[in-house]
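First up is the structure itself, then whatever we jot down about it.
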Amino acid sequence: MPNPSASTEVEASADDVWQVVRPFDGSHTWHPSLPEASIVDDLPADTIGCVRVFTVNGNEVRERLLELDDDARRCRYALEQGTMPVRNYVGTLHVEPISDDRARVEWSAEFECDPELEAQLTGVFEQGVFGPGVEALRERFA
């Protein structure tokens with residue numbers, strides 16, 4: 001099972017970074033290439049089970065919030081509909097303290113796909129989604 005990831009250290013407290021990345025419908029406020037998302041099921045954006053929807057290259061992407069743990073500063077979500085040929089995709093965004101004013105951010109996923117696509121899709125997620133996202137957070141707090 002592929003497990004792409006990207007991480008960085010950020011010059012800010014874990015709590016400060018978590019407040020930026022915590023809103024499930026707010027990735028567009030810190031990620032340089034993610035479009036604005038909306039919650040479609042009349043639930044608050046921090047309710048387990050809510051679904052965010054956004055459009056990429058004219059295609060609708062739907063992701064369901066599986067976990068939002070403020071104590072662990074971790075969010076997990078499942079891709080329900082998207083543009084990538086993956087199955088059983090679960091993404092995790094985690095912020096952990098290194099010190100009072102420094103944090104580590106890791107964004108990762110697990111998914112299934114056809115074996116011949118594993119390397120390509122791992123690269124797409126690491127270099128096209130997760131890497132730019134964590135780098136944008138590092139720069140934001142620099």
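For the structure tokens, the naming scheme is as follows: chains receive sequential letters (A, B, ...) according to their order of presentation, residues are indexed from 1 within each chain, and ligands are indexed from 1 in presentation order.
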So that I can check the surroundings of segment 17-27 of chain A, please list as an mmCIF file with N, CA and C atoms, in the first residue's frame every protein, DNA and RNA residue that reaches within 8 Å of it, counting only C-alpha atoms and ignoring chain neighbours fewer than 2 positions away.
```cif
data_model
loop_
_atom_site.group_PDB
_atom_site.id
_atom_site.type_symbol
_atom_site.label_atom_id
_atom_site.label_comp_id
_atom_site.auth_asym_id
_atom_site.auth_seq_id
_atom_site.Cartn_x
_atom_site.Cartn_y
_atom_site.Cartn_z
ATOM 1 N N ALA A 12 6.968 28.095 14.696
ATOM 2 C CA ALA A 12 5.778 28.539 15.415
ATOM 3 C C ALA A 12 5.370 27.422 16.362
ATOM 4 N N SER A 13 4.554 27.756 17.333
ATOM 5 C CA SER A 13 4.077 26.719 18.242
ATOM 6 C C SER A 13 3.147 25.772 17.492
ATOM 7 N N ALA A 14 3.075 24.558 17.984
ATOM 8 C CA ALA A 14 2.154 23.581 17.381
ATOM 9 C C ALA A 14 0.724 24.079 17.448
ATOM 10 N N ASP A 15 0.363 24.746 18.538
ATOM 11 C CA ASP A 15 -0.996 25.284 18.659
ATOM 12 C C ASP A 15 -1.279 26.338 17.604
ATOM 13 N N THR A 29 -6.759 28.531 2.448
ATOM 14 C CA THR A 29 -6.190 29.713 3.097
ATOM 15 C C THR A 29 -4.698 29.566 3.349
ATOM 16 N N TRP A 30 -4.177 28.348 3.282
ATOM 17 C CA TRP A 30 -2.744 28.150 3.517
ATOM 18 C C TRP A 30 -2.050 27.335 2.431
ATOM 19 N N HIS A 31 -2.779 26.554 1.659
ATOM 20 C CA HIS A 31 -2.166 25.749 0.591
ATOM 21 C C HIS A 31 -2.180 26.546 -0.706
ATOM 22 N N LEU A 34 -4.661 24.626 -3.571
ATOM 23 C CA LEU A 34 -5.984 24.046 -3.319
ATOM 24 C C LEU A 34 -7.048 25.126 -3.409
ATOM 25 N N PRO A 35 -8.135 24.835 -4.111
ATOM 26 C CA PRO A 35 -9.219 25.809 -4.234
ATOM 27 C C PRO A 35 -10.079 25.852 -2.976
ATOM 28 N N GLU A 36 -10.914 26.850 -2.900
ATOM 29 C CA GLU A 36 -11.831 26.970 -1.776
ATOM 30 C C GLU A 36 -12.771 25.764 -1.747
ATOM 31 N N ALA A 37 -13.026 25.268 -0.546
ATOM 32 C CA ALA A 37 -13.915 24.122 -0.360
ATOM 33 C C ALA A 37 -15.158 24.573 0.392
ATOM 34 N N SER A 38 -16.219 23.823 0.216
ATOM 35 C CA SER A 38 -17.427 24.090 0.984
ATOM 36 C C SER A 38 -17.894 22.785 1.619
ATOM 37 N N ILE A 39 -18.538 22.919 2.768
ATOM 38 C CA ILE A 39 -19.128 21.761 3.442
ATOM 39 C C ILE A 39 -20.546 21.629 2.900
ATOM 40 N N ALA A 45 -17.970 22.531 10.001
ATOM 41 C CA ALA A 45 -16.756 22.005 9.380
ATOM 42 C C ALA A 45 -15.882 21.205 10.336
ATOM 43 N N ASP A 46 -16.197 21.208 11.619
ATOM 44 C CA ASP A 46 -15.423 20.404 12.565
ATOM 45 C C ASP A 46 -16.217 19.213 13.092
ATOM 46 N N ARG A 52 -16.373 17.830 2.643
ATOM 47 C CA ARG A 52 -15.960 19.044 1.943
ATOM 48 C C ARG A 52 -15.885 18.728 0.456
ATOM 49 N N LEU A 65 -14.526 13.998 6.600
ATOM 50 C CA LEU A 65 -13.743 14.121 7.818
ATOM 51 C C LEU A 65 -13.946 12.878 8.681
ATOM 52 N N LEU A 68 -10.860 14.492 13.922
ATOM 53 C CA LEU A 68 -10.355 15.832 14.201
ATOM 54 C C LEU A 68 -10.015 15.844 15.687
ATOM 55 N N ARG A 73 -3.622 17.152 17.726
ATOM 56 C CA ARG A 73 -3.456 18.046 16.570
ATOM 57 C C ARG A 73 -3.358 17.212 15.285
ATOM 58 N N CYS A 75 -5.744 15.487 11.946
ATOM 59 C CA CYS A 75 -6.955 15.418 11.134
ATOM 60 C C CYS A 75 -6.787 14.245 10.175
ATOM 61 N N VAL A 95 0.206 17.852 13.325
ATOM 62 C CA VAL A 95 1.104 18.896 13.815
ATOM 63 C C VAL A 95 1.549 18.485 15.207
ATOM 64 N N ALA A 103 7.365 23.595 15.562
ATOM 65 C CA ALA A 103 6.480 22.447 15.352
ATOM 66 C C ALA A 103 6.900 21.668 14.113
ATOM 67 N N LEU A 137 3.273 26.280 4.680
ATOM 68 C CA LEU A 137 3.152 26.511 6.121
ATOM 69 C C LEU A 137 4.489 26.954 6.710
#
```
Quick one: pick out all helix (DSSP H, G or I) residues within chain A from a backbone DSSP run and write them as a compact mmCIF listing (two decimals) with N, CA and C atoms, in the first residue's frame.
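This is the output file result-v3.txt:
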```
# COMPACT_ATOMS: atom_id res chain seq x y z
N ALA A 14 3.08 24.56 17.98
CA ALA A 14 2.15 23.58 17.38
C ALA A 14 0.72 24.08 17.45
N ASP A 15 0.36 24.75 18.54
CA ASP A 15 -1.00 25.28 18.66
C ASP A 15 -1.28 26.34 17.60
N ASP A 16 -0.31 27.22 17.33
CA ASP A 16 -0.51 28.26 16.30
C ASP A 16 -0.68 27.64 14.91
N VAL A 17 0.14 26.65 14.61
CA VAL A 17 0.04 25.98 13.30
C VAL A 17 -1.28 25.22 13.21
N TRP A 18 -1.67 24.55 14.28
CA TRP A 18 -2.92 23.79 14.28
C TRP A 18 -4.11 24.70 14.01
N GLN A 19 -4.12 25.89 14.57
CA GLN A 19 -5.23 26.81 14.35
C GLN A 19 -5.37 27.18 12.88
N VAL A 20 -4.27 27.18 12.14
CA VAL A 20 -4.31 27.48 10.70
C VAL A 20 -4.83 26.29 9.90
N VAL A 21 -4.36 25.09 10.22
CA VAL A 21 -4.71 23.93 9.40
C VAL A 21 -5.97 23.21 9.86
N SER A 27 -8.41 24.72 3.77
CA SER A 27 -7.09 24.43 3.19
C SER A 27 -6.63 25.50 2.20
N HIS A 28 -7.58 26.08 1.50
CA HIS A 28 -7.23 27.10 0.50
C HIS A 28 -6.59 28.34 1.13
N THR A 29 -6.76 28.53 2.45
CA THR A 29 -6.19 29.71 3.10
C THR A 29 -4.70 29.57 3.35
N PRO A 115 -0.91 -1.58 -9.24
CA PRO A 115 0.52 -1.61 -8.92
C PRO A 115 1.39 -0.77 -9.85
N GLU A 116 1.04 -0.73 -11.10
CA GLU A 116 1.86 0.03 -12.05
C GLU A 116 1.76 1.54 -11.85
N LEU A 117 0.80 1.99 -11.04
CA LEU A 117 0.62 3.43 -10.79
C LEU A 117 1.18 3.89 -9.45
N GLU A 118 1.65 2.95 -8.61
CA GLU A 118 2.09 3.29 -7.26
C GLU A 118 3.14 4.39 -7.23
N ALA A 119 4.22 4.23 -7.98
CA ALA A 119 5.32 5.20 -7.95
C ALA A 119 4.85 6.56 -8.47
N GLN A 120 4.11 6.56 -9.54
CA GLN A 120 3.62 7.82 -10.12
C GLN A 120 2.70 8.56 -9.15
N LEU A 121 1.74 7.85 -8.57
CA LEU A 121 0.79 8.49 -7.67
C LEU A 121 1.45 8.94 -6.37
N THR A 122 2.40 8.16 -5.88
CA THR A 122 3.15 8.59 -4.70
C THR A 122 3.85 9.90 -4.98
N GLY A 123 4.47 10.03 -6.14
CA GLY A 123 5.13 11.27 -6.52
C GLY A 123 4.17 12.44 -6.66
N VAL A 124 3.01 12.18 -7.24
CA VAL A 124 2.02 13.25 -7.40
C VAL A 124 1.59 13.79 -6.04
N PHE A 125 1.29 12.90 -5.11
CA PHE A 125 0.87 13.35 -3.78
C PHE A 125 2.00 14.03 -3.03
N GLU A 126 3.20 13.44 -3.05
CA GLU A 126 4.31 14.02 -2.31
C GLU A 126 4.76 15.35 -2.88
N GLN A 127 4.92 15.42 -4.19
CA GLN A 127 5.49 16.61 -4.81
C GLN A 127 4.45 17.61 -5.29
N GLY A 128 3.23 17.15 -5.54
CA GLY A 128 2.22 18.05 -6.08
C GLY A 128 1.20 18.56 -5.07
N VAL A 129 1.05 17.84 -3.95
CA VAL A 129 0.04 18.23 -2.96
C VAL A 129 0.67 18.45 -1.59
N PHE A 130 1.21 17.38 -1.00
CA PHE A 130 1.70 17.46 0.37
C PHE A 130 2.91 18.38 0.50
N GLY A 131 3.90 18.21 -0.36
CA GLY A 131 5.12 19.02 -0.29
C GLY A 131 4.84 20.51 -0.38
N PRO A 132 4.12 20.95 -1.41
CA PRO A 132 3.81 22.39 -1.49
C PRO A 132 2.99 22.88 -0.30
N GLY A 133 2.15 22.04 0.27
CA GLY A 133 1.34 22.44 1.42
C GLY A 133 2.18 22.67 2.65
N VAL A 134 3.04 21.71 2.99
CA VAL A 134 3.85 21.88 4.20
C VAL A 134 4.88 22.98 4.00
N GLU A 135 5.39 23.14 2.79
CA GLU A 135 6.34 24.22 2.51
C GLU A 135 5.66 25.58 2.67
N ALA A 136 4.42 25.70 2.22
CA ALA A 136 3.69 26.95 2.39
C ALA A 136 3.50 27.29 3.85
N LEU A 137 3.27 26.28 4.68
CA LEU A 137 3.15 26.51 6.12
C LEU A 137 4.49 26.95 6.71
N ARG A 138 5.58 26.33 6.29
CA ARG A 138 6.90 26.73 6.77
C ARG A 138 7.16 28.18 6.43
N GLU A 139 6.87 28.57 5.19
CA GLU A 139 7.10 29.96 4.75
C GLU A 139 6.16 30.92 5.48
N ARG A 140 4.95 30.51 5.71
CA ARG A 140 3.97 31.40 6.38
C ARG A 140 4.46 31.82 7.76
```
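From atom CA of Cys50 of chain A back to atom CA of Glu63 of chain A, the distance works out to 8.4 Å.
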**OP:** Could you please write out, as a PyMOL selection string, every residue of chain A that DSSP assigns to strand (DSSP E or B)?
**Re:** chain A and resi 5-10+38-39+51-56+59-69+74-81+87-99+102-112
